[in-house]
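Chemist: One structure is given below, represented as structure tokens, and several questions about it will come after.
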Amino acid sequence: MRIISGSAKGRTLASVPGDSTRPITDRVKSALFSILTSQERVAGCRFLDLFGGTGAVGIEALSRGATEVVFCERDRVALRVLRQNLEAAGVAERGIVIAGDAFAYLARPGLPTFDVIYIAPPQYQGLWLRALSGVDVRPALLSETGQVIVQVFPKEWREPGLVNLALADQRRYGSTALFFFARTE
């Protein structure tokens with residue numbers, strides 16, 4: 001994995017050993033950031049990377065000018081790799097690492113508002129739906145023009161039955177699907 005663009009362009013990111021994380025491919029990450037950049041949703045924006053893993057998505061955002069990225073990760077090995085990657089990319093001062101459960105974080109009172117919330121949990125556990133529902137019940141977590149992006153294996157997808165969020169776009173890149181949700185208000 002590498003950083004595709006921005007201040008840390010070309011730097012290599014370490015991987016988490018084993019299968020506890022689901023890294024995004026450079027192809028999908030490039031497509032994702034092409035979409036976000038065209039929507040002017042990177043530079044100057046606040047991101048929440050709910051299942052941080054290696055930090056590849058959030059670090060790419062920081063490299064491209066995001067103001068701040070909050071990474072939430074509970075796996076100890078992944079946390080170590082995430083922190084190393086932030087330092088190696090030279091963006092650690094704008095990355096906030098929350099060592100803990102993503103669902104407990106979403107339930108905290110007084111959380112800030114984010115422009116992009118990225119959800120890419122381990123596959124086949126239904127965690128994406130639980131996390132998306134956690135954002136849906138707290139729409140103030142998302143800025144008025146913000147969006148939630150869910151990365152899943154296409155066969156994991158099912159209609160989420162949301163109240164405050166609506167599906168705005170979807171893209172498929174081989175065995176990875178990205179679903180974009182916006183506030184309904």
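Naming scheme: A, B, ... for chains in displayed order of the structure tokens; residues 1 onward per chain; ligands 1 onward as shown.
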Hey, what's within 10 Å of A:Leu167 if we count only C-alpha atoms and toss same-chain stuff fewer than 3 positions away? As a compact mmCIF listing (two decimals) with C-alpha atoms, in the first residue's frame, please?
Modeler:
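So out.txt came out as:
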# COMPACT_ATOMS: atom_id res chain seq x y z
CA GLN A 147 -21.42 11.82 3.71
CA VAL A 148 -20.95 8.36 5.13
CA ILE A 149 -19.06 5.90 2.94
CA GLU A 159 -30.89 -2.58 2.38
CA PRO A 160 -30.09 -0.85 5.69
CA LEU A 162 -32.29 4.09 7.63
CA GLN A 170 -22.78 3.36 -5.14
CA PHE A 179 -21.90 2.96 -0.82
CA PHE A 180 -22.29 6.71 -0.25
CA PHE A 181 -24.94 8.03 2.15
CA ALA A 182 -26.05 11.62 2.77
CA ARG A 183 -28.32 13.20 5.35
CA THR A 184 -31.99 13.27 4.41
Chemist: Would you compute the distance between atom CA of A:Cys72 and atom CA of A:Ser38? Give it in Å to one decimal.
Modeler: 26.1 Å
Chemist: Using only C-alpha atoms, determine which residues lie at most 8 Å from A:Val42, disregarding the query and same-chain residues fewer than 6 positions distant; provide the list as a list in words.
Modeler: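 These residues fall inside the cut-off: Phe33, Leu36, Ala61, Arg64, Gly65 and Ala66 of chain A.
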Chemist: Could you name the residues that touch A:Ile96 at 9 Å or less, counting only C-alpha atoms, but leaving out those on the same chain fewer than 6 positions away, as a PDB file with N, CA and C atoms, in the first residue's frame?
Modeler:
ATOM      1  N   GLU A  68      -8.303  17.219   9.760  1.00  0.00           N
ATOM      2  CA  GLU A  68      -8.129  16.283  10.866  1.00  0.00           C
ATOM      3  C   GLU A  68      -8.794  14.967  10.512  1.00  0.00           C
ATOM      4  N   VAL A  69      -8.192  13.876  10.972  1.00  0.00           N
ATOM      5  CA  VAL A  69      -8.811  12.559  10.836  1.00  0.00           C
ATOM      6  C   VAL A  69      -8.777  11.880  12.199  1.00  0.00           C
ATOM      7  N   VAL A  70      -9.943  11.403  12.625  1.00  0.00           N
ATOM      8  CA  VAL A  70     -10.040  10.593  13.838  1.00  0.00           C
ATOM      9  C   VAL A  70     -10.093   9.139  13.386  1.00  0.00           C
ATOM     10  N   PHE A  71      -9.158   8.358  13.890  1.00  0.00           N
ATOM     11  CA  PHE A  71      -9.087   6.934  13.581  1.00  0.00           C
ATOM     12  C   PHE A  71      -9.561   6.172  14.810  1.00  0.00           C
ATOM     13  N   CYS A  72     -10.481   5.256  14.634  1.00  0.00           N
ATOM     14  CA  CYS A  72     -10.950   4.423  15.732  1.00  0.00           C
ATOM     15  C   CYS A  72     -10.558   2.975  15.412  1.00  0.00           C
TER      16      CYS A  72
END
Chemist: Show me, as a ChimeraX atom specification, the residues that have an atom within 10 Å of A:Tyr173 when counting only C-alpha atoms, minus same-chain residues fewer than 6 positions from it.
Modeler: /A:25,27-28,31,153-154
Chemist: Run DSSP on the backbone and tell me which residues of stretch 13-108 of chain A come out as alpha helix (DSSP H); list them as a ChimeraX atom specification.
Modeler: /A:26-38,56-63,76-89,102-107
Chemist: What lies within 10 Å of A:Val77 using only C-alpha atoms, ignoring chain neighbours under 4 positions off, as a list of chain:residue names?
Modeler: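 Listing them by chain and then by number gives A:Val16, A:Pro17, A:Gly18, A:Ser20, A:Gly53, A:Thr54, A:Glu73, A:Val81, A:Leu82.
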Chemist: Pick from A:Arg46, A:Arg130, A:Lys155, A:Arg172: nearest to A:Leu142, with only C-alpha atoms counted?
Modeler: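 That would be A:Arg46, the residue with the smallest distance to A:Leu142.
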Chemist: Please return, as number ranges by chain, all residues of stretch 114-183 of chain A that DSSP assigns to strand (DSSP E or B) on the basis of the backbone.
Modeler: A: 114-119, 142-152, 165-173, 176-183
Chemist: Mind dumping the selected residues with N, CA and C atoms as an mmCIF file, in the first residue's frame?
Modeler:
data_model
loop_
_atom_site.group_PDB
_atom_site.id
_atom_site.type_symbol
_atom_site.label_atom_id
_atom_site.label_comp_id
_atom_site.auth_asym_id
_atom_site.auth_seq_id
_atom_site.Cartn_x
_atom_site.Cartn_y
_atom_site.Cartn_z
ATOM 1 N N PHE A 114 -18.395 15.561 11.522
ATOM 2 C CA PHE A 114 -17.453 15.143 10.489
ATOM 3 C C PHE A 114 -18.027 15.409 9.104
ATOM 4 N N ASP A 115 -17.133 15.671 8.160
ATOM 5 C CA ASP A 115 -17.531 15.858 6.764
ATOM 6 C C ASP A 115 -17.605 14.518 6.037
ATOM 7 N N VAL A 116 -16.749 13.585 6.436
ATOM 8 C CA VAL A 116 -16.747 12.242 5.861
ATOM 9 C C VAL A 116 -16.585 11.240 6.989
ATOM 10 N N ILE A 117 -17.465 10.251 7.013
ATOM 11 C CA ILE A 117 -17.335 9.121 7.938
ATOM 12 C C ILE A 117 -17.145 7.883 7.083
ATOM 13 N N TYR A 118 -16.012 7.222 7.277
ATOM 14 C CA TYR A 118 -15.654 6.060 6.467
ATOM 15 C C TYR A 118 -15.790 4.799 7.310
ATOM 16 N N ILE A 119 -16.573 3.855 6.810
ATOM 17 C CA ILE A 119 -16.847 2.607 7.532
ATOM 18 C C ILE A 119 -16.371 1.426 6.683
ATOM 19 N N LEU A 142 -22.665 14.089 11.316
ATOM 20 C CA LEU A 142 -22.335 14.362 9.925
ATOM 21 C C LEU A 142 -22.693 15.806 9.599
ATOM 22 N N SER A 143 -21.763 16.520 8.974
ATOM 23 C CA SER A 143 -22.051 17.898 8.573
ATOM 24 C C SER A 143 -23.211 17.908 7.579
ATOM 25 N N GLU A 144 -23.808 19.063 7.387
ATOM 26 C CA GLU A 144 -24.968 19.185 6.493
ATOM 27 C C GLU A 144 -24.699 18.635 5.095
ATOM 28 N N THR A 145 -23.495 18.854 4.588
ATOM 29 C CA THR A 145 -23.156 18.388 3.232
ATOM 30 C C THR A 145 -22.256 17.156 3.263
ATOM 31 N N GLY A 146 -22.065 16.587 4.438
ATOM 32 C CA GLY A 146 -21.171 15.445 4.591
ATOM 33 C C GLY A 146 -21.768 14.151 4.081
ATOM 34 N N GLN A 147 -20.936 13.120 4.131
ATOM 35 C CA GLN A 147 -21.419 11.818 3.707
ATOM 36 C C GLN A 147 -20.752 10.706 4.486
ATOM 37 N N VAL A 148 -21.460 9.585 4.543
ATOM 38 C CA VAL A 148 -20.946 8.356 5.131
ATOM 39 C C VAL A 148 -20.638 7.429 3.965
ATOM 40 N N ILE A 149 -19.459 6.827 4.001
ATOM 41 C CA ILE A 149 -19.062 5.900 2.944
ATOM 42 C C ILE A 149 -18.835 4.541 3.586
ATOM 43 N N VAL A 150 -19.499 3.532 3.044
ATOM 44 C CA VAL A 150 -19.366 2.163 3.539
ATOM 45 C C VAL A 150 -18.651 1.338 2.480
ATOM 46 N N GLN A 151 -17.583 0.656 2.894
ATOM 47 C CA GLN A 151 -16.853 -0.258 2.014
ATOM 48 C C GLN A 151 -17.196 -1.687 2.433
ATOM 49 N N VAL A 152 -17.782 -2.451 1.507
ATOM 50 C CA VAL A 152 -18.146 -3.834 1.804
ATOM 51 C C VAL A 152 -17.858 -4.737 0.613
ATOM 52 N N LEU A 165 -30.435 8.970 7.064
ATOM 53 C CA LEU A 165 -29.467 8.886 5.972
ATOM 54 C C LEU A 165 -30.123 8.199 4.784
ATOM 55 N N ALA A 166 -29.686 8.577 3.575
ATOM 56 C CA ALA A 166 -30.210 7.957 2.361
ATOM 57 C C ALA A 166 -29.053 7.627 1.430
ATOM 58 N N LEU A 167 -29.189 6.530 0.720
ATOM 59 C CA LEU A 167 -28.173 6.138 -0.251
ATOM 60 C C LEU A 167 -28.145 7.162 -1.381
ATOM 61 N N ALA A 168 -26.966 7.736 -1.621
ATOM 62 C CA ALA A 168 -26.816 8.768 -2.649
ATOM 63 C C ALA A 168 -26.074 8.257 -3.880
ATOM 64 N N ASP A 169 -25.218 7.250 -3.702
ATOM 65 C CA ASP A 169 -24.415 6.736 -4.820
ATOM 66 C C ASP A 169 -23.845 5.394 -4.407
ATOM 67 N N GLN A 170 -23.480 4.620 -5.401
ATOM 68 C CA GLN A 170 -22.785 3.359 -5.142
ATOM 69 C C GLN A 170 -21.863 3.051 -6.302
ATOM 70 N N ARG A 171 -20.737 2.444 -5.987
ATOM 71 C CA ARG A 171 -19.746 2.086 -7.001
ATOM 72 C C ARG A 171 -19.207 0.701 -6.664
ATOM 73 N N ARG A 172 -18.874 -0.033 -7.712
ATOM 74 C CA ARG A 172 -18.298 -1.363 -7.503
ATOM 75 C C ARG A 172 -16.983 -1.465 -8.251
ATOM 76 N N TYR A 173 -15.993 -1.991 -7.559
ATOM 77 C CA TYR A 173 -14.652 -2.187 -8.116
ATOM 78 C C TYR A 173 -14.250 -3.625 -7.813
ATOM 79 N N THR A 176 -14.972 -5.183 -4.290
ATOM 80 C CA THR A 176 -15.203 -4.120 -3.312
ATOM 81 C C THR A 176 -16.311 -3.209 -3.808
ATOM 82 N N ALA A 177 -17.237 -2.908 -2.918
ATOM 83 C CA ALA A 177 -18.303 -1.958 -3.240
ATOM 84 C C ALA A 177 -18.224 -0.796 -2.265
ATOM 85 N N LEU A 178 -18.479 0.393 -2.786
ATOM 86 C CA LEU A 178 -18.545 1.597 -1.969
ATOM 87 C C LEU A 178 -19.967 2.141 -2.058
ATOM 88 N N PHE A 179 -20.570 2.398 -0.894
ATOM 89 C CA PHE A 179 -21.904 2.964 -0.819
ATOM 90 C C PHE A 179 -21.810 4.310 -0.115
ATOM 91 N N PHE A 180 -22.379 5.341 -0.737
ATOM 92 C CA PHE A 180 -22.292 6.706 -0.246
ATOM 93 C C PHE A 180 -23.668 7.130 0.289
ATOM 94 N N PHE A 181 -23.695 7.598 1.522
ATOM 95 C CA PHE A 181 -24.937 8.026 2.155
ATOM 96 C C PHE A 181 -24.844 9.492 2.535
ATOM 97 N N ALA A 182 -25.960 10.214 2.387
ATOM 98 C CA ALA A 182 -26.051 11.617 2.767
ATOM 99 C C ALA A 182 -27.211 11.779 3.730
ATOM 100 N N ARG A 183 -27.217 12.897 4.439
ATOM 101 C CA ARG A 183 -28.318 13.199 5.354
ATOM 102 C C ARG A 183 -29.588 13.459 4.543
#
Chemist: In terms of the shortest atom-to-atom distance over only C-alpha atoms, which of A:Leu50, A:Arg138, A:Gly55, A:Gly10 is closest to A:Pro109?
Modeler: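 Nearest to A:Pro109: A:Arg138.
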